[in-house]
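A.B. asks: Take a look at this one; I'll ask things after.
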Amino acid sequence: MSMVFAPCLTETTAPTTHAQPAWSPYDNNGGTCVAIAGEDYCVIAADTRMSTGFSILIRNYSKIHQITEKSVLASSGFQADIRALQKNLDARHQIYQHQHNKQMSCPAMAQLLSNTLYYKRFFPYYAFNVLGGLDNEGRGCVYSYDAVGSYERSGYSSQGTGMQLIMPVLDNQLKSASPLVLPLQKSTTPLSEFEAVDLVKDTFASAAERDIYTGDAVEIVIINREGVRRELMDLKRD
Amino acid sequence: MTKTTIDLPPKGGFSFDLCRRNAFLESQGTKMPKFRKTGTTIVGLIFKDGVILGADTRATEGEIVCDKNCEKIHYLAPNISCCGAGTAADTENVTDMVSSQLELHRYATGRDSRVVTALTMLKSHLFGYQGAVSAALVLGGVDVTGPHLHAVYPHGSTDTLPFATMGSGSLAAMAMFESRFKEGMTREEGIEVVCAAICAGIFNDLGSGSNVDLCVITKGGKEYLRNYQQPNPRSYTHSKGYHFTSGHTAILSSKIRALRNQVRVVEGDAMEEE
């Protein structure tokens, strides 16, 4: 007697939808970060508003963290995760300094950050990072990341809630020409340091007009061969 | 016996036929279009001579500001105004509709409109739609029976109050009212308290912002003070202008077609100007 497997009359069941989770480990504290790389400088800026839902928590919270002498990290997203990430990188940098008797270079820190983020691939840091600094030749470099560590070196970048408002303006003002136009142009900005800072201030003022999570003030950090300099500019507080 | 179906004319009012289709589309993954909400702060208070209404001027679509200077204080009658929070289309349409109904009512009765009339028209309309019309209103005016202020909720309930706040910034505004309100304030005191309440919403609530609009209604008349306060000027403008060098957008190919062959120029007179 052969076994005959009768084809099951499959009932089309409605796809089960995930019940809405009652609690989320993440929160978005908002904010925008921008970085622009030049021939011999790098400008990193972030607004200083920390918010949750429709409320403002802090009007003067710094999202910028200097990890090494030559690299500065700006992050928007979930500030608790970002704080933990910054401490993690600081600790790793300290160990590197003990072992190699020198500071980490910006490209090395960029790789370390990518690995640190990917390490938590299945419970990510809710952090949208932009790393800026000077590379080994003293030229400005900007690296931008997604939440799990995919990164790319570029001439400029923006992340955060105001990213979609700022990025097109940067693309227009900084990209030398479309990549379809030959011969290919190089990626560092043709602007002077003063012009780059001016552009950053104007784009943040514009983003603060239209993004509710961006405002209060913008902290601008400029790294060049003389060292690190900070500027603070007020933005709309509404 | 074959059944014959008769097509009845639609009875009018809201047709909920498409709700099931929308639910199906959403379950398939289609993204529903966003509503433009006025994440808002609106307030009203009664002072010695009448009513003062106040509102911010920011309209948001999610987290982006879509209108930096919209008008949230709507006209209902020469002696009645209404601030609206919630879905912008709903507040606009419901106040326009009640305003028209009130005008017809004035012609029918030969009298000035009363605030309670507007109130009843609004609440019965909103209740009929069972909360589908998402309009939260602060209704205020002065009629023959005196000054009145009401808060109207999207499901159709109302509150009659000496001071009221609605919208996402209502908590910030109410905090100011609860500490500063007193009965029988003068016009200047009332305006100051209303401005303080709206500013509290503007600066502490992310859904509200930009400028303060006021409307002062007394027995003598209505005064609409548009952009009474503008506490949020743009913080920085580029020192030089922007220039757009050509080559940023690559022209991949271009084709020029002369229209001369297809357009015939015919003699004639110029169009008459009205």
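We label chains A, B, ... in the order they appear in the structure tokens, count residues from 1 in each chain, and number ligands from 1 in the order shown.
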Counting only C-alpha atoms, what is within 9 Å of range 163-173 of chain A, bar same-chain residues fewer than 5 positions away, as a PDB file with N, CA and C atoms, in the first residue's frame?

C.D. replies:
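Just written: out27.pdb:
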ATOM      1  N   THR A  32      20.563  67.922  13.899  1.00  0.00           N
ATOM      2  CA  THR A  32      21.201  67.806  12.582  1.00  0.00           C
ATOM      3  C   THR A  32      22.703  68.010  12.727  1.00  0.00           C
ATOM      4  N   CYS A  33      23.481  67.257  11.940  1.00  0.00           N
ATOM      5  CA  CYS A  33      24.946  67.425  11.934  1.00  0.00           C
ATOM      6  C   CYS A  33      25.419  67.641  10.507  1.00  0.00           C
ATOM      7  N   VAL A  34      26.459  68.465  10.370  1.00  0.00           N
ATOM      8  CA  VAL A  34      27.010  68.747   9.035  1.00  0.00           C
ATOM      9  C   VAL A  34      28.518  68.752   9.154  1.00  0.00           C
ATOM     10  N   ILE A  36      32.095  69.680   6.566  1.00  0.00           N
ATOM     11  CA  ILE A  36      32.620  70.065   5.247  1.00  0.00           C
ATOM     12  C   ILE A  36      34.141  69.982   5.318  1.00  0.00           C
ATOM     13  N   TYR A 156      31.924  66.353   1.928  1.00  0.00           N
ATOM     14  CA  TYR A 156      30.974  67.025   2.819  1.00  0.00           C
ATOM     15  C   TYR A 156      29.874  66.025   3.116  1.00  0.00           C
ATOM     16  N   SER A 157      29.163  66.240   4.206  1.00  0.00           N
ATOM     17  CA  SER A 157      28.052  65.345   4.534  1.00  0.00           C
ATOM     18  C   SER A 157      27.129  65.996   5.545  1.00  0.00           C
ATOM     19  N   SER A 158      25.892  65.506   5.601  1.00  0.00           N
ATOM     20  CA  SER A 158      25.003  65.932   6.677  1.00  0.00           C
ATOM     21  C   SER A 158      24.182  64.730   7.112  1.00  0.00           C
ATOM     22  N   LEU A 199      28.644  79.243   4.906  1.00  0.00           N
ATOM     23  CA  LEU A 199      27.667  78.341   4.287  1.00  0.00           C
ATOM     24  C   LEU A 199      26.986  77.480   5.334  1.00  0.00           C
ATOM     25  N   VAL A 200      27.766  76.983   6.284  1.00  0.00           N
ATOM     26  CA  VAL A 200      27.212  76.138   7.348  1.00  0.00           C
ATOM     27  C   VAL A 200      26.191  76.927   8.165  1.00  0.00           C
ATOM     28  N   THR A 203      22.980  77.396   6.085  1.00  0.00           N
ATOM     29  CA  THR A 203      22.173  76.175   5.917  1.00  0.00           C
ATOM     30  C   THR A 203      21.490  75.796   7.217  1.00  0.00           C
ATOM     31  N   PHE A 204      22.148  75.999   8.360  1.00  0.00           N
ATOM     32  CA  PHE A 204      21.493  75.693   9.625  1.00  0.00           C
ATOM     33  C   PHE A 204      20.342  76.652   9.885  1.00  0.00           C
ATOM     34  N   SER A 206      18.503  78.016   7.684  1.00  0.00           N
ATOM     35  CA  SER A 206      17.407  77.572   6.818  1.00  0.00           C
ATOM     36  C   SER A 206      16.756  76.302   7.338  1.00  0.00           C
ATOM     37  N   ALA A 207      17.573  75.358   7.791  1.00  0.00           N
ATOM     38  CA  ALA A 207      17.006  74.106   8.319  1.00  0.00           C
ATOM     39  C   ALA A 207      16.157  74.384   9.549  1.00  0.00           C
ATOM     40  N   ARG A 210      12.502  75.208   8.869  1.00  0.00           N
ATOM     41  CA  ARG A 210      11.544  74.200   8.410  1.00  0.00           C
ATOM     42  C   ARG A 210      11.537  72.893   9.184  1.00  0.00           C
ATOM     43  N   ASP A 211      12.595  72.596   9.921  1.00  0.00           N
ATOM     44  CA  ASP A 211      12.627  71.354  10.680  1.00  0.00           C
ATOM     45  C   ASP A 211      12.342  71.693  12.136  1.00  0.00           C
TER      46      ASP A 211
ATOM     47  N   TYR B 242      24.111  83.371  -3.373  1.00  0.00           N
ATOM     48  CA  TYR B 242      24.486  82.058  -3.889  1.00  0.00           C
ATOM     49  C   TYR B 242      24.686  82.174  -5.389  1.00  0.00           C
ATOM     50  N   HIS B 243      25.768  81.550  -5.906  1.00  0.00           N
ATOM     51  CA  HIS B 243      25.804  81.485  -7.377  1.00  0.00           C
ATOM     52  C   HIS B 243      25.759  80.035  -7.809  1.00  0.00           C
ATOM     53  N   PHE B 244      25.117  79.830  -8.896  1.00  0.00           N
ATOM     54  CA  PHE B 244      24.888  78.484  -9.426  1.00  0.00           C
ATOM     55  C   PHE B 244      25.687  78.355 -10.703  1.00  0.00           C
ATOM     56  N   THR B 245      26.879  77.768 -10.577  1.00  0.00           N
ATOM     57  CA  THR B 245      27.731  77.632 -11.774  1.00  0.00           C
ATOM     58  C   THR B 245      27.141  76.576 -12.683  1.00  0.00           C
ATOM     59  N   HIS B 248      26.700  72.020 -12.969  1.00  0.00           N
ATOM     60  CA  HIS B 248      26.275  71.261 -11.797  1.00  0.00           C
ATOM     61  C   HIS B 248      25.274  70.193 -12.188  1.00  0.00           C
ATOM     62  N   THR B 249      24.386  70.579 -13.105  1.00  0.00           N
ATOM     63  CA  THR B 249      23.461  69.573 -13.624  1.00  0.00           C
ATOM     64  C   THR B 249      23.888  69.293 -15.051  1.00  0.00           C
TER      65      THR B 249
END

A.B. asks: Could you build a table of the residues in chain B lying no more than 8 Å from chain A, giving for each the nearest pair of atoms and their separation in Å rounded to one decimal place, using only C-alpha atoms, ordered by chain and ascending residue number, as JSON lines?

C.D. replies:
{"residue": "B:Glu63", "atom": "CA", "partner": "A:Ile212", "partner_atom": "CA", "distance": 5.9}
{"residue": "B:Ile64", "atom": "CA", "partner": "A:Asp211", "partner_atom": "CA", "distance": 4.9}
{"residue": "B:Val65", "atom": "CA", "partner": "A:Arg210", "partner_atom": "CA", "distance": 4.6}
{"residue": "B:Cys66", "atom": "CA", "partner": "A:Arg210", "partner_atom": "CA", "distance": 7.2}
{"residue": "B:Lys68", "atom": "CA", "partner": "A:Glu209", "partner_atom": "CA", "distance": 7.8}
{"residue": "B:Ser168", "atom": "CA", "partner": "A:Phe54", "partner_atom": "CA", "distance": 7.9}
{"residue": "B:Ile202", "atom": "CA", "partner": "A:Asp238", "partner_atom": "CA", "distance": 5.2}
{"residue": "B:Phe203", "atom": "CA", "partner": "A:Asp238", "partner_atom": "CA", "distance": 4.2}
{"residue": "B:Asn204", "atom": "CA", "partner": "A:Ile56", "partner_atom": "CA", "distance": 6.3}
{"residue": "B:Asp205", "atom": "CA", "partner": "A:Ser55", "partner_atom": "CA", "distance": 5.5}
{"residue": "B:Leu206", "atom": "CA", "partner": "A:Phe54", "partner_atom": "CA", "distance": 5.0}
{"residue": "B:Gly207", "atom": "CA", "partner": "A:Phe54", "partner_atom": "CA", "distance": 6.4}
{"residue": "B:Ser208", "atom": "CA", "partner": "A:Asp238", "partner_atom": "CA", "distance": 7.3}
{"residue": "B:Gly209", "atom": "CA", "partner": "A:Asp238", "partner_atom": "CA", "distance": 5.0}
{"residue": "B:Ser210", "atom": "CA", "partner": "A:Asp238", "partner_atom": "CA", "distance": 6.6}
{"residue": "B:Asn232", "atom": "CA", "partner": "A:Lys236", "partner_atom": "CA", "distance": 6.2}
{"residue": "B:Pro233", "atom": "CA", "partner": "A:Lys236", "partner_atom": "CA", "distance": 7.4}
{"residue": "B:Arg234", "atom": "CA", "partner": "A:Ala205", "partner_atom": "CA", "distance": 6.8}
{"residue": "B:Ser235", "atom": "CA", "partner": "A:Leu235", "partner_atom": "CA", "distance": 5.4}
{"residue": "B:Tyr236", "atom": "CA", "partner": "A:Ala205", "partner_atom": "CA", "distance": 5.8}
{"residue": "B:Thr237", "atom": "CA", "partner": "A:Asp202", "partner_atom": "CA", "distance": 5.6}
{"residue": "B:His238", "atom": "CA", "partner": "A:Asp202", "partner_atom": "CA", "distance": 5.4}
{"residue": "B:Ser239", "atom": "CA", "partner": "A:Asp198", "partner_atom": "CA", "distance": 7.2}
{"residue": "B:Tyr242", "atom": "CA", "partner": "A:Gln173", "partner_atom": "CA", "distance": 7.9}
{"residue": "B:His243", "atom": "CA", "partner": "A:Gln173", "partner_atom": "CA", "distance": 7.9}
{"residue": "B:Phe244", "atom": "CA", "partner": "A:Gln173", "partner_atom": "CA", "distance": 7.3}
{"residue": "B:Gly247", "atom": "CA", "partner": "A:Ala177", "partner_atom": "CA", "distance": 5.6}
{"residue": "B:His248", "atom": "CA", "partner": "A:Ala177", "partner_atom": "CA", "distance": 4.5}
{"residue": "B:Thr249", "atom": "CA", "partner": "A:Ser178", "partner_atom": "CA", "distance": 6.0}
{"residue": "B:Ala250", "atom": "CA", "partner": "A:Ser178", "partner_atom": "CA", "distance": 5.9}

A.B. asks: Mind the document's chain letters and residue numbers, and return as an MDAnalysis selection string the residues of range 66-274 of chain B that DSSP labels strand (DSSP E or B).

C.D. replies: chainID B and resid 66:67 73:77 80:87 135:143 146:152 158:160 163:166 205 212:218 221:229

A.B. asks: Which residues are near Glu92 in chain B? Cut-off 12 Å, only C-alpha atoms, ignore same chain within fewer than 5 positions. Put them as a list in words.

C.D. replies: Arg36, Lys37, Thr38, Cys70, Glu71, Lys72, Ile73, His74, Tyr75, Leu76, Cys82, Cys83, Gly84, Ala85, Gly86, Thr87, Met97, Val98, Ser99, Val133, Ser134, Ala135, Ala136 and Leu137 of chain B

A.B. asks: Leu117 in chain A: which residues within 9 Å, counting only C-alpha atoms, same-chain residues fewer than 6 positions away excluded, as a VMD selection string?

C.D. replies: chain A and resid 85 124 to 125 127 146 to 150

A.B. asks: Would you work out the distance separating CA of Gly62 in chain B from CA of Gly29 in chain B, expressed in Å to one decimal?

C.D. replies: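 Computing the Euclidean distance for CA of Gly62 in chain B and CA of Gly29 in chain B yields 19.3 Å.
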
A.B. asks: For range 98-113 of chain A, please output as a PyMOL selection string all residues within 10 Å (counting only C-alpha atoms; exclusion window: fewer than 3 positions along the same chain).

C.D. replies: chain A and resi 67-73+85-86+88-89+92-95+116-119+129-136+140-145+148-153

A.B. asks: Take the selection from the previous step and output its residues with N, CA, C and O atoms, as a compact mmCIF listing (two decimals), in the first residue's frame.

C.D. replies:
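As a result, out.txt now contains:
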# COMPACT_ATOMS: atom_id res chain seq x y z
N ILE A 67 37.40 63.17 19.66
CA ILE A 67 37.95 61.89 20.13
C ILE A 67 39.46 61.92 20.13
O ILE A 67 40.09 61.47 21.07
N THR A 68 40.06 62.40 19.03
CA THR A 68 41.52 62.49 19.02
C THR A 68 41.89 63.93 18.70
O THR A 68 41.02 64.77 18.48
N GLU A 69 43.18 64.18 18.64
CA GLU A 69 43.65 65.53 18.35
C GLU A 69 43.14 66.01 16.99
O GLU A 69 42.90 67.19 16.80
N LYS A 70 43.01 65.06 16.07
CA LYS A 70 42.67 65.44 14.70
C LYS A 70 41.32 64.94 14.22
O LYS A 70 41.00 65.09 13.05
N SER A 71 40.52 64.32 15.08
CA SER A 71 39.20 63.91 14.61
C SER A 71 38.11 64.25 15.61
O SER A 71 38.29 64.17 16.82
N VAL A 72 36.98 64.67 15.03
CA VAL A 72 35.84 65.15 15.81
C VAL A 72 34.60 64.41 15.31
O VAL A 72 34.36 64.32 14.12
N LEU A 73 33.82 63.91 16.24
CA LEU A 73 32.63 63.13 15.88
C LEU A 73 31.39 63.94 16.20
O LEU A 73 31.24 64.45 17.31
N LEU A 85 28.45 55.23 22.80
CA LEU A 85 29.38 55.05 21.68
C LEU A 85 30.63 55.90 21.86
O LEU A 85 31.76 55.44 21.63
N GLN A 86 30.43 57.16 22.30
CA GLN A 86 31.58 58.06 22.49
C GLN A 86 32.52 57.51 23.56
O GLN A 86 33.75 57.52 23.39
N ASN A 88 32.87 54.42 24.46
CA ASN A 88 33.49 53.23 23.89
C ASN A 88 34.70 53.62 23.04
O ASN A 88 35.81 53.08 23.20
N LEU A 89 34.51 54.60 22.14
CA LEU A 89 35.61 55.02 21.26
C LEU A 89 36.74 55.64 22.06
O LEU A 89 37.92 55.42 21.76
N ARG A 92 38.77 52.85 23.59
CA ARG A 92 39.59 52.18 22.58
C ARG A 92 40.76 53.05 22.16
O ARG A 92 41.86 52.55 21.91
N HIS A 93 40.53 54.37 22.08
CA HIS A 93 41.61 55.27 21.69
C HIS A 93 42.70 55.32 22.75
O HIS A 93 43.89 55.35 22.43
N GLN A 94 42.28 55.32 24.00
CA GLN A 94 43.26 55.31 25.10
C GLN A 94 44.15 54.07 25.02
O GLN A 94 45.38 54.16 25.17
N ILE A 95 43.54 52.93 24.80
CA ILE A 95 44.30 51.68 24.68
C ILE A 95 45.28 51.76 23.52
O ILE A 95 46.46 51.39 23.63
N THR A 116 33.03 49.37 15.29
CA THR A 116 32.28 49.44 16.55
C THR A 116 30.78 49.41 16.29
O THR A 116 30.02 48.74 17.00
N LEU A 117 30.36 50.11 15.24
CA LEU A 117 28.93 50.14 14.92
C LEU A 117 28.46 48.78 14.43
O LEU A 117 27.39 48.30 14.82
N TYR A 118 29.27 48.13 13.58
CA TYR A 118 28.84 46.85 13.03
C TYR A 118 28.85 45.75 14.07
O TYR A 118 28.11 44.77 13.98
N TYR A 119 29.68 45.93 15.11
CA TYR A 119 29.73 44.95 16.19
C TYR A 119 28.35 44.76 16.80
O TYR A 119 27.98 43.67 17.22
N ASN A 129 26.12 59.24 12.43
CA ASN A 129 27.39 59.90 12.70
C ASN A 129 28.00 60.57 11.50
O ASN A 129 27.83 60.12 10.36
N VAL A 130 28.75 61.63 11.82
CA VAL A 130 29.59 62.26 10.82
C VAL A 130 30.93 62.49 11.50
O VAL A 130 31.00 63.12 12.55
N LEU A 131 31.99 61.94 10.93
CA LEU A 131 33.32 62.09 11.53
C LEU A 131 34.12 63.04 10.66
O LEU A 131 34.19 62.87 9.44
N GLY A 132 34.70 64.08 11.27
CA GLY A 132 35.48 65.02 10.47
C GLY A 132 36.83 65.22 11.10
O GLY A 132 37.01 65.08 12.31
N GLY A 133 37.81 65.55 10.26
CA GLY A 133 39.14 65.82 10.80
C GLY A 133 40.15 66.04 9.70
O GLY A 133 39.79 66.30 8.54
N LEU A 134 41.44 65.92 10.08
CA LEU A 134 42.52 66.07 9.10
C LEU A 134 43.20 64.73 8.92
O LEU A 134 43.47 64.03 9.90
N ASP A 135 43.48 64.37 7.67
CA ASP A 135 44.14 63.08 7.46
C ASP A 135 45.65 63.24 7.65
O ASP A 135 46.13 64.31 8.06
N ASN A 136 46.41 62.20 7.33
CA ASN A 136 47.85 62.22 7.60
C ASN A 136 48.59 63.28 6.80
O ASN A 136 49.68 63.70 7.18
N GLY A 140 41.63 68.04 4.77
CA GLY A 140 40.38 67.78 5.47
C GLY A 140 39.73 66.50 4.99
O GLY A 140 39.81 66.18 3.82
N CYS A 141 39.13 65.76 5.92
CA CYS A 141 38.39 64.57 5.50
C CYS A 141 37.09 64.47 6.27
O CYS A 141 37.00 64.88 7.42
N VAL A 142 36.09 63.97 5.63
CA VAL A 142 34.76 63.80 6.24
C VAL A 142 34.31 62.39 5.94
O VAL A 142 34.40 61.92 4.81
N TYR A 143 33.87 61.69 6.98
CA TYR A 143 33.33 60.33 6.78
C TYR A 143 31.90 60.34 7.29
O TYR A 143 31.64 60.82 8.39
N SER A 144 30.98 59.79 6.53
CA SER A 144 29.60 59.72 7.04
C SER A 144 29.15 58.28 7.12
O SER A 144 29.56 57.44 6.31
N TYR A 145 28.32 58.00 8.12
CA TYR A 145 27.96 56.63 8.48
C TYR A 145 26.46 56.44 8.51
O TYR A 145 25.71 57.38 8.76
N VAL A 148 24.55 51.22 11.13
CA VAL A 148 25.29 49.97 11.38
C VAL A 148 26.70 49.98 10.83
O VAL A 148 27.34 48.94 10.76
N GLY A 149 27.22 51.14 10.46
CA GLY A 149 28.65 51.22 10.21
C GLY A 149 29.09 51.32 8.77
O GLY A 149 30.30 51.41 8.53
N SER A 150 28.17 51.36 7.82
CA SER A 150 28.60 51.54 6.44
C SER A 150 29.11 52.97 6.30
O SER A 150 28.42 53.91 6.68
N TYR A 151 30.33 53.14 5.78
CA TYR A 151 30.86 54.50 5.72
C TYR A 151 31.58 54.78 4.42
O TYR A 151 31.92 53.87 3.67
N GLU A 152 31.76 56.08 4.20
CA GLU A 152 32.36 56.52 2.95
C GLU A 152 33.04 57.85 3.21
O GLU A 152 32.49 58.71 3.89
N ARG A 153 34.24 58.02 2.63
CA ARG A 153 34.88 59.32 2.74
C ARG A 153 34.32 60.22 1.65
O ARG A 153 34.17 59.81 0.51

A.B. asks: Based on DSSP run over this structure's backbone, return all residues of range 23-120 of chain A in helix (DSSP H, G or I), as a PyMOL selection string.

C.D. replies: chain A and resi 79-100+106-119

A.B. asks: Within 10 Å of Arg230 in chain A, counting only C-alpha atoms, which residues qualify if same-chain residues fewer than 6 places away don't, as a list in words?

C.D. replies: Val43, Ile44, Ala45, Glu219, Ile220, Val221, Ile222 and Ile223 of chain A

A.B. asks: Kindly save the residues from that selection, with all heavy atoms included, as a short mmCIF file (atom, residue, chain, number, x, y, z; two decimals), in the first residue's frame.

C.D. replies:
data_model
loop_
_atom_site.label_atom_id
_atom_site.label_comp_id
_atom_site.auth_asym_id
_atom_site.auth_seq_id
_atom_site.Cartn_x
_atom_site.Cartn_y
_atom_site.Cartn_z
N VAL A 43 35.37 71.59 8.80
CA VAL A 43 34.34 72.25 9.61
C VAL A 43 33.31 71.21 10.01
O VAL A 43 32.77 70.51 9.15
CB VAL A 43 33.65 73.37 8.80
CG1 VAL A 43 32.53 73.99 9.62
CG2 VAL A 43 34.63 74.43 8.38
N ILE A 44 33.08 71.09 11.30
CA ILE A 44 32.05 70.15 11.79
C ILE A 44 31.05 70.95 12.60
O ILE A 44 31.43 71.71 13.49
CB ILE A 44 32.65 69.05 12.70
CG1 ILE A 44 33.69 68.24 11.92
CG2 ILE A 44 31.58 68.11 13.20
CD1 ILE A 44 35.10 68.65 12.23
N ALA A 45 29.75 70.79 12.31
CA ALA A 45 28.75 71.59 13.02
C ALA A 45 27.55 70.73 13.39
O ALA A 45 27.22 69.77 12.68
CB ALA A 45 28.28 72.75 12.13
N GLU A 219 26.58 74.71 17.07
CA GLU A 219 27.96 74.70 17.54
C GLU A 219 28.83 74.32 16.35
O GLU A 219 28.59 73.31 15.69
CB GLU A 219 28.09 73.63 18.64
CG GLU A 219 29.42 73.60 19.33
CD GLU A 219 29.51 72.42 20.29
OE1 GLU A 219 28.52 71.68 20.43
OE2 GLU A 219 30.58 72.22 20.86
N ILE A 220 29.82 75.16 16.05
CA ILE A 220 30.67 74.91 14.87
C ILE A 220 32.09 74.70 15.35
O ILE A 220 32.64 75.54 16.07
CB ILE A 220 30.61 76.11 13.90
CG1 ILE A 220 29.16 76.43 13.56
CG2 ILE A 220 31.41 75.82 12.64
CD1 ILE A 220 28.97 77.68 12.75
N VAL A 221 32.69 73.58 14.97
CA VAL A 221 34.07 73.27 15.34
C VAL A 221 34.91 73.29 14.08
O VAL A 221 34.56 72.65 13.09
CB VAL A 221 34.15 71.89 16.02
CG1 VAL A 221 35.59 71.46 16.24
CG2 VAL A 221 33.41 71.92 17.34
N ILE A 222 36.02 74.04 14.10
CA ILE A 222 36.89 74.12 12.91
C ILE A 222 38.25 73.57 13.28
O ILE A 222 38.88 74.03 14.25
CB ILE A 222 37.03 75.58 12.44
CG1 ILE A 222 35.65 76.17 12.15
CG2 ILE A 222 37.88 75.67 11.18
CD1 ILE A 222 35.30 77.37 12.92
N ILE A 223 38.71 72.55 12.53
CA ILE A 223 40.05 72.00 12.75
C ILE A 223 40.93 72.41 11.59
O ILE A 223 40.57 72.20 10.43
CB ILE A 223 40.03 70.46 12.78
CG1 ILE A 223 38.95 69.94 13.69
CG2 ILE A 223 41.38 69.92 13.24
CD1 ILE A 223 38.94 68.44 13.76
#

A.B. asks: Mind checking which residues fall within 9 Å of Gln101 in chain B, counting only C-alpha atoms, ignoring those fewer than 5 positions away in the same chain, and posting them as a short mmCIF file (atom, residue, chain, number, x, y, z; two decimals) with N, CA and C atoms, in the first residue's frame?

C.D. replies:
data_model
loop_
_atom_site.label_atom_id
_atom_site.label_comp_id
_atom_site.auth_asym_id
_atom_site.auth_seq_id
_atom_site.Cartn_x
_atom_site.Cartn_y
_atom_site.Cartn_z
N ASP B 96 -15.74 77.56 7.59
CA ASP B 96 -16.38 78.20 6.43
C ASP B 96 -17.84 77.82 6.33
N ARG B 106 -28.76 84.74 9.87
CA ARG B 106 -28.95 86.17 10.17
C ARG B 106 -30.00 86.77 9.26
N ALA B 118 -23.57 79.35 16.84
CA ALA B 118 -22.39 78.79 16.17
C ALA B 118 -21.95 77.52 16.88
N MET B 121 -24.22 74.59 15.99
CA MET B 121 -23.99 74.12 14.61
C MET B 121 -22.69 73.32 14.53
#
